[in-house]
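Asker: Here you go, one structure.
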Amino acid sequence: MNSSRLVYLAEPRLLFGHAQSMEDPRDGLMLFGPLDEASAPYGVNCGVIGTKAGIRKFKAWVATTMGPVANLTGGVARPFFPGFETVFGIPWKPDRLSPIAVPEDELTRYLHAQDGHVRVFNTVDCYASRIVASQRDCDTAPSLWFVVVPDDVYKYCRPTSRVEKGQISIRRVISGPRARRLIREPALFDEMNREAEAYRFEAHFRNQLKAKLLPHGIATQVVRESTLAPDEYVDSRGKPIRDLSRILGHVAWTLSTATYYKVGGRPWKLADVRDGVCYLGLVFKIQDPARSPKNACCAAQMFLDSGDGVVFRGALGPWYNPKRGEFHLHRRQARELVELAITAYRKANNERVPHELFIHGRTRFDNEEWAGFCEGVDDRTALVGVVIRPTSSPKLYRAGEYPVLRGLAWIFSDQLAFLWTNGYVPRLQTSTALEVPNPLRIEICKGNADIHTVMSDILSLTKLNYNSCIYADGIPVTLRFADAVGEILTAAPPDSTPPLSFRYYI
């Protein structure tokens with residue numbers, strides 16, 4: 001290609017019920033319903049765990065979503081929610097929930113522990129142990145557990161949270177350095193080792209909860225009480241602390257779509273995806289920065305042409321280069337990771353191998369790493385490596401009051417282009433970016449593929465976020481959840497968790 005050029009990529013269409021396609025997932029769900037039925041034709045079978053007040057708020061919220069839920073201000077960009085059964089075709093009855101009440105005094109005591117790791121560890125166990133026990137003893141276990149948490153869990157159970165001095169209920173009994181030393185070099189007495197156990201887990205409630213439930217194959221949706229009943233949380237002037245009145249419909253769309261996906265249904269899939277194509281997003285997360293700045297956990301998010309997603313863990317090793325700020329696998333581990341992906345693909349596609357496998361990463365693949373990837377496939381699968389990075393340049397402006405269109409692309413060469421996945425959307429009559437839209441820098445760094453096709457695929461992958469029912473994301477789903485998946489995989493000690501559906505991680 002001798003010169004650069006601007007092109008416009010048409011908005012990808014999504015496929016819904018009755019083989020109908022639309023651009024906006026909310027339009028498609030309202031008009032035609034979801035792509036296929038969930039594994040709960042007689043209604044959503046979910047459990048809920050929380051305080052008595054939290055369970056009450058959740059049941060009231062579910063009852064509300066059976067009917068229309070509107071935002072305070074209308075508009076094309078934020079349509080009202082018509083009601084769960086109207087959209088998804090199955091009931092969700094509050095009186096059929098499986099509730100587990102968490103004693104408020106027990107939860108309050110754990111939340112006011114001085115040590116952050118102990119605080120989060122005990123609070124998570126307060127929920128996780130009850131969910132696991134119920135799942136084990138129940139004949140018809142829920143497909144999904146809603147974990148309804150008081151806002152104090154959000155306040156006190158994050159890595160930088162601190163408890164006020166006058167509120168401390170459990171004093172610190174071991175220092176962080178001492179606990180980490182006991183993990184590396186266990187003491188003779190089990191009692192001392194148990195005191196350090198909390199430091200084997202990340203001090204983040206959501207990540208640790210999902211990590212502890214992965215081996216049991218339990219899907220969860222964590223939600224704050226104030227999200228379900230914002231009007232009950234007011235400041236000294238009587239005004240809502242979290243004013244969600246403008247997005248009540250959006251909250252209903254998002255939680256309802258996530259629920260439908262997590263109980264086994266596909267809300268939609270890409271309408272024009274090529275058959276036999278597989279996308280792999282690499283996930284890296286440093287395991288213990290204080291102990292070993294190079295050691296990282298590697299995993300991959302695989303997305304199929306059917307719209308399904310699978311996450312599997314790779315090897316733990318010295319993949320991080322602190323000088324360059326990049327992650328790279330060794331040859332053998334790269335081969336094994338791709339072999340896992342091919343095995344998972346064949347299992348889901350009657351033993352067929354993919355025609356094309358696109359590996360999406362944030363940094364260029366080095367030669368040894370790429371050689372390993374190539375060894376993991378045979379000559380029936382074309383392997384292509386693509387680097388995707390958000391960037392603040394170049395900037396493009398258009399005359400008038402509106403920013404550049406979503407889908408605009410600036411092709412520099414056969415291997416390099418810039419794609420605006422945020423921008424003005426005529427269907428919404430607004431922009432998906434709050435400021436001047438920035439593009440994604442897209443480079444085909446390994447293998448051969450048409451740059452126009454690669455960009456079209458990436459634009460399509462911005463519409464597969466089942467955890468948020470919006471028009472589109474700015475980042476393709478292969479990389480959108482990379483950090484979140486990595487944090488869940490490293491929030492607990494490594495285990496042999498088998499490949500699991502993407503729904504267990506979001």
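Residue numbering restarts at 1 for every chain of the structure tokens, chains are lettered A, B, ... in their displayed order, and ligands are numbered from 1 as they appear.
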Quick check for you: according to DSSP on this backbone, which residues of range 464-499 of chain A are classed as alpha helix (DSSP H)? Reply as a list in words.

Answerer: Val477, Thr478, Leu479, Arg480, Ala482, Asp483, Ala484, Val485, Gly486, Glu487, Ile488 and Leu489 of chain A

Asker: Given the selection you just returned, output its residues as a file containing N, CA and C atoms, formatted as a tab-separated table (two decimals), in the first residue's frame.

Answerer:
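Everything below was put into again.tsv:
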```
chain	number	residue	atom	x	y	z
A	477	VAL	N	-13.66	-7.50	23.41
A	477	VAL	CA	-13.86	-8.34	24.58
A	477	VAL	C	-12.63	-9.22	24.85
A	478	THR	N	-11.81	-9.49	23.85
A	478	THR	CA	-10.60	-10.28	24.05
A	478	THR	C	-9.63	-9.61	25.02
A	479	LEU	N	-9.67	-8.27	25.09
A	479	LEU	CA	-8.79	-7.55	26.01
A	479	LEU	C	-9.56	-6.78	27.08
A	480	ARG	N	-10.87	-6.61	26.88
A	480	ARG	CA	-11.68	-5.79	27.79
A	480	ARG	C	-11.59	-6.28	29.23
A	482	ALA	N	-9.25	-8.52	30.40
A	482	ALA	CA	-7.97	-9.17	30.67
A	482	ALA	C	-7.48	-8.91	32.09
A	483	ASP	N	-7.51	-7.65	32.52
A	483	ASP	CA	-7.04	-7.32	33.87
A	483	ASP	C	-7.91	-7.97	34.94
A	484	ALA	N	-9.24	-7.94	34.72
A	484	ALA	CA	-10.15	-8.50	35.72
A	484	ALA	C	-9.96	-10.01	35.85
A	485	VAL	N	-9.80	-10.70	34.72
A	485	VAL	CA	-9.58	-12.15	34.77
A	485	VAL	C	-8.26	-12.47	35.47
A	486	GLY	N	-7.21	-11.72	35.13
A	486	GLY	CA	-5.92	-11.92	35.77
A	486	GLY	C	-5.97	-11.71	37.27
A	487	GLU	N	-6.73	-10.72	37.71
A	487	GLU	CA	-6.83	-10.43	39.14
A	487	GLU	C	-7.58	-11.55	39.87
A	488	ILE	N	-8.57	-12.14	39.24
A	488	ILE	CA	-9.30	-13.25	39.87
A	488	ILE	C	-8.42	-14.48	39.95
A	489	LEU	N	-7.66	-14.76	38.89
A	489	LEU	CA	-6.80	-15.94	38.88
A	489	LEU	C	-5.67	-15.85	39.91
```

Asker: Gly67 in chain A: which residues within 9 Å, counting only C-alpha atoms, same-chain residues fewer than 3 positions away excluded, as a ChimeraX atom specification?

Answerer: /A:63-64,81-86

Asker: Would you mind listing what lies within 10 Å of Arg206 in chain A as a list in words, with only C-alpha atoms counted and same-chain residues fewer than 5 positions away left out?

Answerer: Val120, Val124, Val147, Val153, Tyr154, Cys157, Arg158, Ala211, Thr220, Gln221, Val222, Val223, Glu487, Ile488 and Ala491 of chain A

Asker: Do you know which residues are at most 8 Å from range 4-18 of chain A counting only C-alpha atoms, after dropping those on the same chain fewer than 4 positions away, and could you put them as a PDB file with N, CA and C atoms, in the first residue's frame?

Answerer:
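Output file selection-v9.pdb is given in full below:
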```pdb
ATOM      1  N   MET A  22     -29.852  -6.760  14.442  1.00  0.00           N
ATOM      2  CA  MET A  22     -29.953  -5.330  14.739  1.00  0.00           C
ATOM      3  C   MET A  22     -28.578  -4.825  15.163  1.00  0.00           C
ATOM      4  N   GLU A  23     -28.408  -3.511  15.171  1.00  0.00           N
ATOM      5  CA  GLU A  23     -27.150  -2.918  15.625  1.00  0.00           C
ATOM      6  C   GLU A  23     -27.077  -2.829  17.144  1.00  0.00           C
ATOM      7  N   ASP A  24     -28.158  -2.378  17.757  1.00  0.00           N
ATOM      8  CA  ASP A  24     -28.189  -2.129  19.201  1.00  0.00           C
ATOM      9  C   ASP A  24     -28.743  -3.347  19.917  1.00  0.00           C
ATOM     10  N   PRO A  25     -28.027  -3.907  20.910  1.00  0.00           N
ATOM     11  CA  PRO A  25     -28.539  -5.093  21.601  1.00  0.00           C
ATOM     12  C   PRO A  25     -29.884  -4.873  22.274  1.00  0.00           C
ATOM     13  N   GLY A  28     -32.605  -5.226  19.613  1.00  0.00           N
ATOM     14  CA  GLY A  28     -32.798  -6.615  19.229  1.00  0.00           C
ATOM     15  C   GLY A  28     -33.519  -7.417  20.285  1.00  0.00           C
ATOM     16  N   LEU A  29     -33.152  -7.209  21.563  1.00  0.00           N
ATOM     17  CA  LEU A  29     -33.806  -7.942  22.648  1.00  0.00           C
ATOM     18  C   LEU A  29     -35.262  -7.535  22.802  1.00  0.00           C
ATOM     19  N   PHE A  32     -37.070  -8.901  19.238  1.00  0.00           N
ATOM     20  CA  PHE A  32     -36.999 -10.295  18.811  1.00  0.00           C
ATOM     21  C   PHE A  32     -36.639 -11.280  19.925  1.00  0.00           C
ATOM     22  N   GLY A  33     -36.254 -10.780  21.093  1.00  0.00           N
ATOM     23  CA  GLY A  33     -35.865 -11.663  22.176  1.00  0.00           C
ATOM     24  C   GLY A  33     -34.445 -12.173  22.020  1.00  0.00           C
ATOM     25  N   PRO A  34     -33.957 -12.946  23.001  1.00  0.00           N
ATOM     26  CA  PRO A  34     -32.567 -13.407  22.972  1.00  0.00           C
ATOM     27  C   PRO A  34     -32.335 -14.444  21.875  1.00  0.00           C
ATOM     28  N   LEU A  35     -31.064 -14.685  21.597  1.00  0.00           N
ATOM     29  CA  LEU A  35     -30.668 -15.616  20.540  1.00  0.00           C
ATOM     30  C   LEU A  35     -31.174 -17.023  20.803  1.00  0.00           C
ATOM     31  N   ASP A  36     -30.963 -17.531  22.015  1.00  0.00           N
ATOM     32  CA  ASP A  36     -31.441 -18.868  22.338  1.00  0.00           C
ATOM     33  C   ASP A  36     -31.908 -18.912  23.787  1.00  0.00           C
ATOM     34  N   PRO A 267     -27.608 -13.992  25.028  1.00  0.00           N
ATOM     35  CA  PRO A 267     -28.492 -12.885  24.630  1.00  0.00           C
ATOM     36  C   PRO A 267     -28.411 -12.593  23.129  1.00  0.00           C
ATOM     37  N   TRP A 268     -27.200 -12.642  22.584  1.00  0.00           N
ATOM     38  CA  TRP A 268     -26.997 -12.375  21.159  1.00  0.00           C
ATOM     39  C   TRP A 268     -25.644 -12.934  20.740  1.00  0.00           C
ATOM     40  N   LYS A 269     -25.386 -12.919  19.455  1.00  0.00           N
ATOM     41  CA  LYS A 269     -24.055 -13.212  18.936  1.00  0.00           C
ATOM     42  C   LYS A 269     -23.833 -12.356  17.696  1.00  0.00           C
ATOM     43  N   LEU A 270     -22.642 -12.343  17.164  1.00  0.00           N
ATOM     44  CA  LEU A 270     -22.345 -11.565  15.973  1.00  0.00           C
ATOM     45  C   LEU A 270     -23.073 -12.166  14.784  1.00  0.00           C
ATOM     46  N   ALA A 271     -23.680 -11.301  13.973  1.00  0.00           N
ATOM     47  CA  ALA A 271     -24.500 -11.774  12.855  1.00  0.00           C
ATOM     48  C   ALA A 271     -23.660 -12.231  11.667  1.00  0.00           C
ATOM     49  N   ASP A 272     -22.526 -11.585  11.431  1.00  0.00           N
ATOM     50  CA  ASP A 272     -21.773 -11.838  10.200  1.00  0.00           C
ATOM     51  C   ASP A 272     -20.372 -12.371  10.462  1.00  0.00           C
ATOM     52  N   GLY A 407     -16.202   3.696  14.125  1.00  0.00           N
ATOM     53  CA  GLY A 407     -16.005   2.872  12.935  1.00  0.00           C
ATOM     54  C   GLY A 407     -15.085   3.499  11.903  1.00  0.00           C
ATOM     55  N   LEU A 408     -14.676   4.738  12.139  1.00  0.00           N
ATOM     56  CA  LEU A 408     -13.722   5.366  11.227  1.00  0.00           C
ATOM     57  C   LEU A 408     -12.341   4.756  11.445  1.00  0.00           C
ATOM     58  N   ALA A 409     -11.609   4.522  10.364  1.00  0.00           N
ATOM     59  CA  ALA A 409     -10.281   3.915  10.459  1.00  0.00           C
ATOM     60  C   ALA A 409      -9.311   4.641   9.544  1.00  0.00           C
ATOM     61  N   TRP A 410      -8.095   4.778  10.023  1.00  0.00           N
ATOM     62  CA  TRP A 410      -7.012   5.382   9.250  1.00  0.00           C
ATOM     63  C   TRP A 410      -5.995   4.283   9.000  1.00  0.00           C
ATOM     64  N   ILE A 411      -5.947   3.805   7.758  1.00  0.00           N
ATOM     65  CA  ILE A 411      -5.044   2.726   7.387  1.00  0.00           C
ATOM     66  C   ILE A 411      -3.711   3.313   6.941  1.00  0.00           C
ATOM     67  N   PHE A 412      -2.643   2.939   7.650  1.00  0.00           N
ATOM     68  CA  PHE A 412      -1.312   3.435   7.321  1.00  0.00           C
ATOM     69  C   PHE A 412      -0.578   2.498   6.372  1.00  0.00           C
ATOM     70  N   SER A 413      -0.762   1.197   6.539  1.00  0.00           N
ATOM     71  CA  SER A 413      -0.060   0.220   5.710  1.00  0.00           C
ATOM     72  C   SER A 413      -0.828  -1.091   5.749  1.00  0.00           C
ATOM     73  N   SER A 456     -12.367  -5.020  11.168  1.00  0.00           N
ATOM     74  CA  SER A 456     -13.795  -5.342  11.239  1.00  0.00           C
ATOM     75  C   SER A 456     -14.073  -6.325  12.369  1.00  0.00           C
ATOM     76  N   LEU A 459     -13.796  -4.427  15.717  1.00  0.00           N
ATOM     77  CA  LEU A 459     -14.983  -3.607  15.939  1.00  0.00           C
ATOM     78  C   LEU A 459     -16.158  -4.486  16.377  1.00  0.00           C
ATOM     79  N   SER A 460     -16.278  -5.664  15.777  1.00  0.00           N
ATOM     80  CA  SER A 460     -17.353  -6.587  16.163  1.00  0.00           C
ATOM     81  C   SER A 460     -17.189  -7.071  17.595  1.00  0.00           C
TER      82      SER A 460
END
```

Asker: Which is closer to Gln167 in chain A than all the others in A:Lys239, A:Lys155, A:His204, A:His112, using only C-alpha atoms?

Answerer: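 Using only C-alpha atoms, the shortest distance to Gln167 in chain A belongs to A:His112.
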
Asker: Quick one: everything within 9 Å of Arg364 in chain A, counting only C-alpha atoms, minus sequence neighbours fewer than 3 positions away in the same chain. Send it as a list in words.

Answerer: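 In the requested format, the answer is Glu326, His328, Gly361, Gly385, Val386, Val387, Glu443, Cys445 and Lys446 of chain A.
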
Asker: Let me see the file: selected residues, N, CA and C atoms, as a short mmCIF file (atom, residue, chain, number, x, y, z; two decimals), in the first residue's frame.

Answerer:
```cif
data_model
loop_
_atom_site.label_atom_id
_atom_site.label_comp_id
_atom_site.auth_asym_id
_atom_site.auth_seq_id
_atom_site.Cartn_x
_atom_site.Cartn_y
_atom_site.Cartn_z
N GLU A 326 7.05 -5.47 29.64
CA GLU A 326 6.34 -6.37 28.75
C GLU A 326 6.29 -7.78 29.32
N HIS A 328 6.20 -11.84 28.20
CA HIS A 328 6.46 -12.78 27.10
C HIS A 328 6.60 -14.19 27.66
N GLY A 361 -2.92 -9.24 21.73
CA GLY A 361 -2.08 -8.88 22.86
C GLY A 361 -1.86 -7.39 22.92
N GLY A 385 -0.99 -12.87 14.72
CA GLY A 385 -0.78 -12.11 15.95
C GLY A 385 -1.10 -10.64 15.74
N VAL A 386 -1.93 -10.09 16.62
CA VAL A 386 -2.38 -8.70 16.49
C VAL A 386 -2.12 -7.97 17.80
N VAL A 387 -1.46 -6.82 17.71
CA VAL A 387 -1.23 -5.97 18.88
C VAL A 387 -2.26 -4.86 18.88
N GLU A 443 -1.97 -3.39 14.99
CA GLU A 443 -0.84 -3.82 14.17
C GLU A 443 -0.84 -5.34 14.02
N CYS A 445 1.38 -8.03 13.70
CA CYS A 445 2.83 -8.16 13.91
C CYS A 445 3.35 -9.54 13.54
N LYS A 446 2.48 -10.53 13.44
CA LYS A 446 2.88 -11.88 13.06
C LYS A 446 1.79 -12.50 12.20
#
```

Asker: Skipping near chain neighbours, those fewer than 4 positions away, what residues fall within 12 Å of Asp105 in chain A using only C-alpha atoms, listed as a PyMOL selection string?

Answerer: chain A and resi 51-52+101+109-112+123+126+169

Asker: Convert the current residue selection to file output with C-alpha atoms, as a JSON list (two decimals), in the first residue's frame.

Answerer:
```
[["chain", "number", "residue", "atom", "x", "y", "z"],
["A", 51, "THR", "CA", -28.18, -9.59, 55.20],
["A", 52, "LYS", "CA", -31.93, -9.71, 55.84],
["A", 101, "ALA", "CA", -29.18, -14.73, 55.40],
["A", 109, "ARG", "CA", -17.32, -7.84, 63.33],
["A", 110, "TYR", "CA", -15.36, -9.11, 60.34],
["A", 111, "LEU", "CA", -15.64, -5.79, 58.51],
["A", 112, "HIS", "CA", -14.02, -3.92, 61.40],
["A", 123, "THR", "CA", -15.74, -11.43, 55.08],
["A", 126, "CYS", "CA", -18.72, -15.47, 55.53],
["A", 169, "SER", "CA", -13.18, -4.91, 66.54]]
```

Asker: Taking into account only C-alpha atoms, which residue in the set A:Pro354, A:Pro215, A:Pro99, A:Pro394 is nearest to Tyr279 in chain A?

Answerer: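 Smallest distance to Tyr279 in chain A is found for A:Pro354.
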
Asker: Using DSSP on the backbone coordinates, identify all residues within range 389-488 of chain A classified as strand (DSSP E or B); present the result as a list in words.

Answerer: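 The strand (DSSP E or B) subset of range 389-488 of chain A is Arg389, Pro390, Leu405, Leu408, Ala409, Trp410, Ile411, Leu416, Ala417, Phe418, Leu419, Tyr424, Val425, Thr430, Ser431, Leu440, Arg441, Ile442, Glu443, Ile444, Cys445 and Lys446 of chain A.
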
Asker: What does the file look like for those residues with C-alpha atoms, as a CSV table (one decimal), in the first residue's frame?

Answerer:
```csv
chain,number,residue,atom,x,y,z
A,389,ARG,CA,-3.2,-0.6,22.2
A,390,PRO,CA,-5.4,2.4,23.1
A,405,LEU,CA,-17.8,8.5,13.7
A,408,LEU,CA,-13.7,5.4,11.2
A,409,ALA,CA,-10.3,3.9,10.5
A,410,TRP,CA,-7.0,5.4,9.2
A,411,ILE,CA,-5.0,2.7,7.4
A,416,LEU,CA,-0.9,-0.9,10.7
A,417,ALA,CA,-4.1,1.1,11.2
A,418,PHE,CA,-5.9,3.2,13.7
A,419,LEU,CA,-9.5,2.4,14.5
A,424,TYR,CA,-20.5,9.6,17.2
A,425,VAL,CA,-23.2,7.0,16.6
A,430,THR,CA,-24.8,11.0,20.5
A,431,SER,CA,-21.1,10.1,21.0
A,440,LEU,CA,-7.0,1.9,19.0
A,441,ARG,CA,-3.6,1.3,17.4
A,442,ILE,CA,-3.9,-2.0,15.5
A,443,GLU,CA,-0.8,-3.8,14.2
A,444,ILE,CA,-0.6,-7.2,12.5
A,445,CYS,CA,2.8,-8.2,13.9
A,446,LYS,CA,2.9,-11.9,13.1
```

Asker: Name the closest residue to Arg136 in chain A among the candidates A:Pro159, A:Pro499, A:Gly217, A:Gly176; distances are taken between atoms, counting only C-alpha atoms.

Answerer: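 The closest residue to Arg136 in chain A is A:Gly217.
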
Asker: Between CA of Val234 in chain A and CA of Gly116 in chain A, what is the distance in Å, rounded to a tenth?

Answerer: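 Calculated distance between CA of Val234 in chain A and CA of Gly116 in chain A is 27.4 Å.
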